[in-house]
Amino acid sequence: MQETGTSSSVSNSGMLPEFASAFASEILATEDFRGDVTYVIKPQRIREMIRFLKTLERCPFNVMMDLFAMDYLKSNTEMPERFAVIYNLYSLPSNARVRLKAYVPEAKPEIESIHDVYKAANWFEREAWDLFGITFTGHPHLQRILCHNEFVGHPLRKDYPSDQYQRLKTSIRSTGM
Amino acid sequence: MISVEIYRNFMQIQRPPTTPVVAPSEEAKDFAFTTRLADFIQWGRKNSLWPLPFGTACCAIEYMGVVSSHYDVSRFGAEVVRFSPRQSDCMLVLGTVVEKMGPVLKQVYDQMLEPKYVIAVGVCASSGGFYRAYHVMQGIDQIIPVDVYVPGCPPTPEGIIHGMIRLQEKIQRGGIVRARDRHKLIGK
């Protein structure tokens with residue numbers, strides 16, 4: 001385990017005090033699992049937060065590892081909202097990870113797009129929209145990326161029947177993919 | 001889905017009438033033999049299959065073993081693999097076909113010339129396999145007619161060769177229905 005640099009860039013717990021203080025009103029909860037910290041946040045100012053983390057001088061989170069959604073329908077534990085959008089960021093200089101988790105309501109599953117902060121988020125957001133129906137406002141091309149164009153519904157939602165197959169009826173050319 | 005009963009009945013009708021073969025005359029029997037023309041054509045067809053591999057998953061890797069020297073499918077006259085549907089008559093669907101791939105498979109099949117045959121290799125192509133989920137076609141016979149199904153995940157090379165032998169038997173029997181008629185049997 002390489003110890004050098006960890007004490008100067010990130011505290012041992014993995015907490016980011018400057019992030020916590022800058023967005024104190026936005027952070028609902030903080031979890032720390034073996035040095036990987038998760039901030040449960042309000043979805044409204046997500047773009048500012050992501051940009052803050054990317055440009056953090058002490059420990060810039062310069063890699064967007066993943067962006068995905070969760071559906072907590074039929075969850076055993078009570079969740080604040082049905083859907084959550086989760087952002088996994090990684091800092092190459094500091095070998096640190098951070099996870100942001102924003103709950104979005106079932107009635108309006110919507111969050112701001114961060115495609116202009118991380119280019120990688122463009123396809124991640126399309127995937128989350130395709131499979132979970134999360135709308136990313138400001139996304140330049142929010143279209144299905146895995147399912148075909150005639151697909152109706154969002155198949156990774158827990159209320160989508162797993163055996164509901166949807167035949168693609170048009171020819172190859174008209175699918176536009 | 002195809003009604004199996006209708007399909008079988010249809011195949012019965014398509015079989016050539018079994019007229020008796022007249023033996024060659026006494027003076028010619030040392031250098032001549034007689035057969036039915038249909039049997040002769042089917043014998044030629046079954047021993048010169050031109051396979052088109054539609055490989056989408058691990059079954060295609062097994063098929064590489066089938067065409068290589070160890071298993072050597074040229075023993076069955078089907079070693080010249082063509083990657084153009086217009087130059088082949090036996091499509092091997094080797095792997096999972098997702099719903100999005102369906103029109104591609106259909107178009108490739110439509111481009112093949114008659115007579116043409118289809119072998120569904122592996123459980124994914126045959127029935128969807130363990131992909132009981134929204135994205136995988138539950139058997140390619142939903143969109144194209146299939147002559148032989150080879151089970152396995154993936155099937156062994158022996159299994160694929162067995163499937164090809166069964167196809168040869170089927171061709172020899174004359175039970176292959178013309179595709180334009182077969183399309184009528186497939187419910188949309």
# chains A, B, ... in the order shown; residues from 1 in each chain; ligands from 1

$ interface_residues --of "chain B" --to "chain A" --cutoff "6 Å" --atoms "only C-alpha atoms" --output "list in words"
Glu99, Lys100, Pro103, Ala133 and Tyr134 of chain B

$ select_by_dssp --residues "stretch 51-173 of chain B" --states "strand (DSSP E or B)" --output "PDB file with N, CA and C atoms, in the first residue's frame"
ATOM      1  N   PRO B  51     -21.059 -23.116 -46.355  1.00  0.00           N
ATOM      2  CA  PRO B  51     -21.563 -22.520 -45.113  1.00  0.00           C
ATOM      3  C   PRO B  51     -21.313 -21.015 -45.042  1.00  0.00           C
ATOM      4  N   LEU B  52     -22.266 -20.352 -44.411  1.00  0.00           N
ATOM      5  CA  LEU B  52     -22.126 -18.923 -44.097  1.00  0.00           C
ATOM      6  C   LEU B  52     -22.185 -18.796 -42.587  1.00  0.00           C
ATOM      7  N   PRO B  53     -21.082 -18.486 -41.925  1.00  0.00           N
ATOM      8  CA  PRO B  53     -21.153 -18.384 -40.459  1.00  0.00           C
ATOM      9  C   PRO B  53     -21.707 -17.033 -40.033  1.00  0.00           C
ATOM     10  N   PHE B  54     -22.826 -17.058 -39.339  1.00  0.00           N
ATOM     11  CA  PHE B  54     -23.380 -15.835 -38.731  1.00  0.00           C
ATOM     12  C   PHE B  54     -23.001 -15.905 -37.249  1.00  0.00           C
ATOM     13  N   GLY B  55     -21.751 -15.588 -36.967  1.00  0.00           N
ATOM     14  CA  GLY B  55     -21.223 -15.811 -35.622  1.00  0.00           C
ATOM     15  C   GLY B  55     -21.371 -14.599 -34.737  1.00  0.00           C
ATOM     16  N   CYS B  90     -25.809 -22.540 -46.788  1.00  0.00           N
ATOM     17  CA  CYS B  90     -26.107 -23.102 -45.470  1.00  0.00           C
ATOM     18  C   CYS B  90     -25.693 -22.092 -44.414  1.00  0.00           C
ATOM     19  N   MET B  91     -26.664 -21.408 -43.838  1.00  0.00           N
ATOM     20  CA  MET B  91     -26.334 -20.421 -42.816  1.00  0.00           C
ATOM     21  C   MET B  91     -26.272 -21.096 -41.451  1.00  0.00           C
ATOM     22  N   LEU B  92     -25.144 -20.890 -40.765  1.00  0.00           N
ATOM     23  CA  LEU B  92     -25.011 -21.360 -39.392  1.00  0.00           C
ATOM     24  C   LEU B  92     -25.132 -20.153 -38.478  1.00  0.00           C
ATOM     25  N   VAL B  93     -26.175 -20.115 -37.683  1.00  0.00           N
ATOM     26  CA  VAL B  93     -26.334 -19.019 -36.739  1.00  0.00           C
ATOM     27  C   VAL B  93     -25.666 -19.442 -35.441  1.00  0.00           C
ATOM     28  N   LEU B  94     -24.505 -18.850 -35.183  1.00  0.00           N
ATOM     29  CA  LEU B  94     -23.637 -19.301 -34.094  1.00  0.00           C
ATOM     30  C   LEU B  94     -23.645 -18.254 -32.987  1.00  0.00           C
ATOM     31  N   VAL B  98     -29.780 -10.812 -30.577  1.00  0.00           N
ATOM     32  CA  VAL B  98     -30.614  -9.876 -29.825  1.00  0.00           C
ATOM     33  C   VAL B  98     -31.689  -9.327 -30.758  1.00  0.00           C
ATOM     34  N   TYR B 117     -30.335 -23.446 -46.481  1.00  0.00           N
ATOM     35  CA  TYR B 117     -30.598 -24.167 -45.244  1.00  0.00           C
ATOM     36  C   TYR B 117     -30.086 -23.341 -44.069  1.00  0.00           C
ATOM     37  N   VAL B 118     -30.683 -23.576 -42.912  1.00  0.00           N
ATOM     38  CA  VAL B 118     -30.272 -22.850 -41.706  1.00  0.00           C
ATOM     39  C   VAL B 118     -30.057 -23.852 -40.577  1.00  0.00           C
ATOM     40  N   ILE B 119     -28.904 -23.746 -39.913  1.00  0.00           N
ATOM     41  CA  ILE B 119     -28.663 -24.526 -38.697  1.00  0.00           C
ATOM     42  C   ILE B 119     -28.556 -23.534 -37.545  1.00  0.00           C
ATOM     43  N   ALA B 120     -29.381 -23.719 -36.528  1.00  0.00           N
ATOM     44  CA  ALA B 120     -29.287 -22.906 -35.316  1.00  0.00           C
ATOM     45  C   ALA B 120     -28.340 -23.609 -34.355  1.00  0.00           C
ATOM     46  N   VAL B 121     -27.145 -23.069 -34.199  1.00  0.00           N
ATOM     47  CA  VAL B 121     -26.117 -23.721 -33.380  1.00  0.00           C
ATOM     48  C   VAL B 121     -26.154 -23.112 -31.975  1.00  0.00           C
ATOM     49  N   VAL B 136     -33.143 -10.375 -25.831  1.00  0.00           N
ATOM     50  CA  VAL B 136     -32.698 -11.470 -26.693  1.00  0.00           C
ATOM     51  C   VAL B 136     -33.892 -12.156 -27.346  1.00  0.00           C
ATOM     52  N   VAL B 148     -32.154 -27.365 -38.700  1.00  0.00           N
ATOM     53  CA  VAL B 148     -31.585 -28.222 -37.658  1.00  0.00           C
ATOM     54  C   VAL B 148     -31.232 -27.348 -36.455  1.00  0.00           C
ATOM     55  N   TYR B 149     -31.585 -27.828 -35.269  1.00  0.00           N
ATOM     56  CA  TYR B 149     -31.198 -27.163 -34.029  1.00  0.00           C
ATOM     57  C   TYR B 149     -30.107 -27.996 -33.363  1.00  0.00           C
ATOM     58  N   VAL B 150     -29.014 -27.347 -32.981  1.00  0.00           N
ATOM     59  CA  VAL B 150     -27.939 -28.043 -32.275  1.00  0.00           C
ATOM     60  C   VAL B 150     -27.931 -27.546 -30.837  1.00  0.00           C
TER      61      VAL B 150
END

$ select_by_dssp --residues "chain B" --states "alpha helix (DSSP H)" --output "MDAnalysis selection string"
chainID B and resid 4:14 37:46 58:67 102:111 122:127 157:173 179:185

$ write_last_selection --atoms "C-alpha atoms" --output "compact mmCIF listing (two decimals), in the first residue's frame"
# COMPACT_ATOMS: atom_id res chain seq x y z
CA VAL B 4 -44.85 -28.42 -35.90
CA GLU B 5 -47.74 -30.49 -37.22
CA ILE B 6 -48.33 -28.26 -40.24
CA TYR B 7 -44.62 -28.21 -40.95
CA ARG B 8 -44.38 -32.01 -40.88
CA ASN B 9 -47.41 -32.43 -43.12
CA PHE B 10 -46.00 -29.92 -45.54
CA MET B 11 -42.72 -31.77 -45.67
CA GLN B 12 -44.55 -35.01 -46.46
CA ILE B 13 -46.19 -33.39 -49.46
CA GLN B 14 -42.87 -32.03 -50.67
CA LEU B 37 -32.90 -37.77 -60.65
CA ALA B 38 -34.17 -36.17 -57.41
CA ASP B 39 -31.99 -38.46 -55.31
CA PHE B 40 -28.99 -37.70 -57.50
CA ILE B 41 -29.45 -33.92 -57.19
CA GLN B 42 -29.98 -34.16 -53.44
CA TRP B 43 -26.87 -36.33 -53.12
CA GLY B 44 -24.89 -33.62 -54.90
CA ARG B 45 -26.36 -30.84 -52.81
CA LYS B 46 -25.79 -32.45 -49.45
CA CYS B 58 -18.77 -18.45 -28.38
CA CYS B 59 -20.45 -20.97 -30.70
CA ALA B 60 -18.52 -19.30 -33.52
CA ILE B 61 -15.29 -20.16 -31.71
CA GLU B 62 -16.36 -23.79 -31.63
CA TYR B 63 -17.11 -23.58 -35.31
CA MET B 64 -13.53 -22.46 -35.93
CA GLY B 65 -12.50 -25.80 -34.46
CA VAL B 66 -14.97 -27.58 -36.74
CA VAL B 67 -13.44 -26.14 -39.92
CA GLY B 102 -33.11 -9.47 -35.92
CA PRO B 103 -33.49 -7.39 -39.12
CA VAL B 104 -29.79 -7.93 -39.92
CA LEU B 105 -30.20 -11.70 -39.68
CA LYS B 106 -33.35 -11.57 -41.78
CA GLN B 107 -31.69 -9.49 -44.47
CA VAL B 108 -28.65 -11.77 -44.66
CA TYR B 109 -30.95 -14.79 -44.94
CA ASP B 110 -33.01 -13.15 -47.67
CA GLN B 111 -29.88 -12.54 -49.74
CA GLY B 122 -26.35 -23.51 -29.59
CA VAL B 123 -29.20 -22.80 -27.24
CA CYS B 124 -29.11 -19.01 -27.75
CA ALA B 125 -29.91 -19.24 -31.44
CA SER B 126 -32.33 -22.11 -30.84
CA SER B 127 -34.37 -20.73 -27.96
CA PRO B 157 -17.42 -29.53 -32.46
CA GLU B 158 -18.76 -33.07 -32.58
CA GLY B 159 -22.20 -31.65 -31.86
CA ILE B 160 -21.95 -29.16 -34.71
CA ILE B 161 -20.76 -31.91 -37.08
CA HIS B 162 -23.67 -34.05 -35.92
CA GLY B 163 -26.00 -31.19 -36.80
CA MET B 164 -24.48 -30.92 -40.26
CA ILE B 165 -24.89 -34.68 -40.79
CA ARG B 166 -28.52 -34.41 -39.77
CA LEU B 167 -28.93 -31.60 -42.28
CA GLN B 168 -27.37 -33.81 -44.96
CA GLU B 169 -29.84 -36.57 -44.11
CA LYS B 170 -32.66 -34.08 -44.36
CA ILE B 171 -31.46 -32.82 -47.73
CA GLN B 172 -31.16 -36.43 -48.99
CA ARG B 173 -34.73 -37.12 -47.89
CA ALA B 179 -38.15 -20.83 -48.56
CA ARG B 180 -40.89 -18.88 -50.26
CA ASP B 181 -43.34 -21.55 -49.14
CA ARG B 182 -41.83 -21.80 -45.70
CA HIS B 183 -42.43 -18.13 -45.08
CA LYS B 184 -46.15 -18.77 -45.22
CA LEU B 185 -45.82 -21.16 -42.31

$ residues_around --residues "A:Asn62" --least-positions-apart "6" --cutoff "8 Å" --atoms "only C-alpha atoms" --output "PyMOL selection string"
chain A and resi 54-55+89-92

$ residues_around --residues "B:Phe33" --least-positions-apart "4" --cutoff "8 Å" --atoms "only C-alpha atoms" --output "PyMOL selection string"
chain B and resi 23-24+29

$ write_last_selection --atoms "N, CA and C atoms" --output "PDB file, in the first residue's frame"
ATOM      1  N   ALA B  23     -33.449 -51.294 -62.660  1.00  0.00           N
ATOM      2  CA  ALA B  23     -32.056 -51.739 -62.667  1.00  0.00           C
ATOM      3  C   ALA B  23     -31.487 -51.648 -64.083  1.00  0.00           C
ATOM      4  N   PRO B  24     -30.177 -51.397 -64.212  1.00  0.00           N
ATOM      5  CA  PRO B  24     -29.583 -51.352 -65.549  1.00  0.00           C
ATOM      6  C   PRO B  24     -29.650 -52.713 -66.228  1.00  0.00           C
ATOM      7  N   LYS B  29     -24.676 -53.534 -66.607  1.00  0.00           N
ATOM      8  CA  LYS B  29     -24.641 -53.437 -65.144  1.00  0.00           C
ATOM      9  C   LYS B  29     -23.226 -53.386 -64.562  1.00  0.00           C
TER      10      LYS B  29
END

$ residues_around --residues "B:Gln87" --least-positions-apart "3" --cutoff "9 Å" --atoms "only C-alpha atoms" --output "ChimeraX atom specification"
/B:50-52,82-84,112-113

$ atom_distance --atom1 "atom CA of A:Gly153" --atom2 "atom CA of A:Ile134"
11.6 Å

$ closest_residue --among "B:Glu79, B:Glu114, B:Pro20, B:Cys153" --to "B:Thr34" --atoms "only C-alpha atoms"
B:Pro20
